[in-house]
Amino acid sequence: MAEDTAPINLTHHFLIAMPGLEDATFSRSVVYLCEHNARGALGLVINKPSDINLKGLFDKVDLPLRRDDLCAAPVFHGGPVQTERGFVLHEPFTTPVTDQGQDSKEPAYAATLTIPGGLEMTTSKDVLEALSTGAGPRRVLVTLGYSAWGQGQLESELADNSWLTVDADTAVIFDTPVEQRYDRALKLLGLEAWMLSREAGHA
């Protein structure tokens with residue numbers, strides 16, 4: 001029987017680091033995959049806060065932050081690539097009323113990746129400018145840097161049992177305390193951290 005070689009697509013999934021993954025960036029990490037295709041994968045670590053909060057980030061880019069609900073929110077280490085650049089994971093935010101009197105279905109911001117599953121990821125400064133005025137998406141997670149895998153690289157790491165995968169739950173991203181996100185993501189699989197072996201490899 002021919003082997004099924006259909007490519008897997010883990011867009012809008014969590015990667016949950018196995019205990020044996022001891023890389024400083026990814027140990028006990030939960031990565032939200034924004035894109036996964038034949039060319040590779042792109043994701044954001046959602047549970048590794050930096051020492052700066054959103055108010056501090058906005059101060060650095062000379063913008064006010066008129067969103068009291070976001071001022072104390074941490075900025076996250078999204079991954080080891082382009083760590084000086086901001087990435088904003090957020091709920092969809094369509095452009096306001098058009099000439100036809102309806103909201104446009106196009107993303108409100110430039111440089112926005114619409115993720116199947118209901119979220120968007122924006123790299124342009126205009127989303128920060130919207131937040132600075134008190135507007136913008138209701139729920140956001142901001143990272144510096146992102147995580148990337150080249151063609152076949154993530155699949156190889158999955159074969160080595162470096163990661164568990166599960167459909168993403170936005171409640172883990174936006175509603176769960178940072179220190180609980182790893183355990184909460186595992187619970188989506190019905191697992192607890194103590195159940196995982198530190199030894200890589202297949203059972």
# chains A, B, ... in the order shown; residues from 1 in each chain; ligands from 1
call {"tool": "select_by_dssp", "arguments": {"residues": "region 64-182 of chain A", "states": "strand (DSSP E)", "output": "PyMOL selection string"}}
result
chain A and resi 74-77+81-90+112-115+119-122+140-149+163-167
call {"tool": "write_last_selection", "arguments": {"atoms": "C-alpha atoms", "output": "short mmCIF file (atom, residue, chain, number, x, y, z; two decimals), in the first residue's frame"}}
result
data_model
loop_
_atom_site.label_atom_id
_atom_site.label_comp_id
_atom_site.auth_asym_id
_atom_site.auth_seq_id
_atom_site.Cartn_x
_atom_site.Cartn_y
_atom_site.Cartn_z
CA PRO A 74 4.00 41.81 28.92
CA VAL A 75 5.77 41.87 25.59
CA PHE A 76 6.81 38.31 24.75
CA HIS A 77 9.95 36.73 23.33
CA VAL A 81 14.39 35.63 14.49
CA GLN A 82 14.22 39.45 14.06
CA THR A 83 14.16 40.07 17.79
CA GLU A 84 14.13 43.86 17.33
CA ARG A 85 10.89 43.72 15.36
CA GLY A 86 7.39 43.70 16.80
CA PHE A 87 4.72 41.16 15.89
CA VAL A 88 1.11 41.65 16.98
CA LEU A 89 -1.18 38.63 17.23
CA HIS A 90 -4.75 39.85 17.53
CA THR A 112 -1.32 41.51 8.06
CA LEU A 113 -1.40 37.73 7.80
CA THR A 114 -4.95 36.38 8.11
CA ILE A 115 -4.69 33.03 9.88
CA LEU A 119 -6.75 35.39 14.27
CA GLU A 120 -4.50 37.85 12.44
CA MET A 121 -0.82 38.68 12.80
CA THR A 122 0.33 42.19 11.92
CA VAL A 140 -3.69 41.42 21.42
CA LEU A 141 -0.44 39.62 22.18
CA VAL A 142 2.74 41.45 21.20
CA THR A 143 6.09 39.75 20.69
CA LEU A 144 9.58 40.82 19.76
CA GLY A 145 10.91 38.30 17.27
CA TYR A 146 9.35 35.19 15.83
CA SER A 147 10.11 31.51 15.37
CA ALA A 148 10.74 30.02 11.95
CA TRP A 149 11.40 26.62 10.44
CA TRP A 163 7.02 18.81 20.07
CA LEU A 164 3.44 17.86 20.77
CA THR A 165 0.79 19.49 18.58
CA VAL A 166 -2.83 20.40 19.25
CA ASP A 167 -5.46 22.67 17.72
#
call {"tool": "residues_around", "arguments": {"residues": "region 30-37 of chain A", "least_positions_apart": "6", "cutoff": "7 Å", "atoms": "only C-alpha atoms", "output": "PDB file with C-alpha atoms, in the first residue's frame"}}
result
ATOM      1  CA  ASN A   9      -0.699  21.710   7.890  1.00  0.00           C
ATOM      2  CA  LEU A  10      -0.371  22.868  11.478  1.00  0.00           C
ATOM      3  CA  THR A  11      -1.472  26.455  10.934  1.00  0.00           C
ATOM      4  CA  HIS A  12      -3.523  27.615  13.965  1.00  0.00           C
ATOM      5  CA  HIS A  13      -2.030  24.861  16.112  1.00  0.00           C
ATOM      6  CA  PHE A  14       0.055  24.972  19.260  1.00  0.00           C
ATOM      7  CA  LEU A  15       3.488  23.410  19.377  1.00  0.00           C
ATOM      8  CA  ILE A  16       4.133  22.293  22.949  1.00  0.00           C
ATOM      9  CA  ALA A  17       7.772  21.644  23.809  1.00  0.00           C
ATOM     10  CA  GLY A  43       5.083  30.954  14.813  1.00  0.00           C
ATOM     11  CA  LEU A  44       5.144  33.050  17.975  1.00  0.00           C
ATOM     12  CA  VAL A  45       6.072  31.831  21.458  1.00  0.00           C
ATOM     13  CA  ILE A  46       3.151  32.849  23.698  1.00  0.00           C
ATOM     14  CA  ASN A  47       4.476  32.014  27.170  1.00  0.00           C
ATOM     15  CA  ILE A 115      -4.687  33.026   9.879  1.00  0.00           C
ATOM     16  CA  TYR A 182       2.114  25.456  29.126  1.00  0.00           C
TER      17      TYR A 182
END
call {"tool": "select_by_dssp", "arguments": {"residues": "region 156-200 of chain A", "states": "helix (DSSP H, G or I)", "output": "ChimeraX atom specification"}}
result
/A:156-159,170-174,178-187,193-195
call {"tool": "residues_around", "arguments": {"residues": "Pro7 (chain A)", "least_positions_apart": "5", "cutoff": "12 Å", "atoms": "only C-alpha atoms", "output": "list of chain:residue names"}}
result
A:His36, A:Asn37, A:Ala38, A:Arg39, A:Gly40, A:Gln151, A:Gly152, A:Leu154, A:Glu155
call {"tool": "write_last_selection", "arguments": {"atoms": "C-alpha atoms", "output": "mmCIF file, in the first residue's frame"}}
result
data_model
loop_
_atom_site.group_PDB
_atom_site.id
_atom_site.type_symbol
_atom_site.label_atom_id
_atom_site.label_comp_id
_atom_site.auth_asym_id
_atom_site.auth_seq_id
_atom_site.Cartn_x
_atom_site.Cartn_y
_atom_site.Cartn_z
ATOM 1 C CA HIS A 36 2.717 26.244 7.997
ATOM 2 C CA ASN A 37 3.101 25.127 4.414
ATOM 3 C CA ALA A 38 5.527 23.313 2.124
ATOM 4 C CA ARG A 39 8.058 26.165 2.451
ATOM 5 C CA GLY A 40 8.234 25.975 6.226
ATOM 6 C CA GLN A 151 11.292 23.459 4.483
ATOM 7 C CA GLY A 152 10.882 20.094 6.231
ATOM 8 C CA LEU A 154 9.513 21.307 11.649
ATOM 9 C CA GLU A 155 8.428 17.930 10.304
#
call {"tool": "residues_around", "arguments": {"residues": "Lys125 (chain A)", "least_positions_apart": "4", "cutoff": "9 Å", "atoms": "only C-alpha atoms", "output": "PyMOL selection string"}}
result
chain A and resi 86+109-110+129-130
call {"tool": "write_last_selection", "arguments": {"atoms": "N, CA and C atoms", "output": "short mmCIF file (atom, residue, chain, number, x, y, z; two decimals), in the first residue's frame"}}
result
data_model
loop_
_atom_site.label_atom_id
_atom_site.label_comp_id
_atom_site.auth_asym_id
_atom_site.auth_seq_id
_atom_site.Cartn_x
_atom_site.Cartn_y
_atom_site.Cartn_z
N GLY A 86 8.61 44.05 16.10
CA GLY A 86 7.39 43.70 16.80
C GLY A 86 6.41 42.92 15.93
N TYR A 109 -5.13 46.60 8.74
CA TYR A 109 -3.75 47.05 8.81
C TYR A 109 -2.92 46.47 7.68
N ALA A 110 -1.90 47.22 7.29
CA ALA A 110 -0.96 46.71 6.30
C ALA A 110 -0.15 45.57 6.91
N GLU A 129 -0.27 52.21 16.27
CA GLU A 129 -0.83 53.56 16.26
C GLU A 129 -2.31 53.54 16.59
N ALA A 130 -3.02 52.51 16.13
CA ALA A 130 -4.44 52.39 16.47
C ALA A 130 -4.62 52.17 17.97
#
call {"tool": "residues_around", "arguments": {"residues": "Arg138 (chain A)", "least_positions_apart": "3", "cutoff": "9 Å", "atoms": "only C-alpha atoms", "output": "list in words"}}
result
His90, Glu91, Phe93 and Ala135 of chain A
call {"tool": "residues_around", "arguments": {"residues": "Met18 (chain A)", "least_positions_apart": "4", "cutoff": "8 Å", "atoms": "only C-alpha atoms", "output": "list of chain:residue names"}}
result
A:Ser27, A:Arg28, A:Asn161, A:Ser162, A:Trp163, A:Leu164, A:Leu196, A:Ser197, A:Arg198
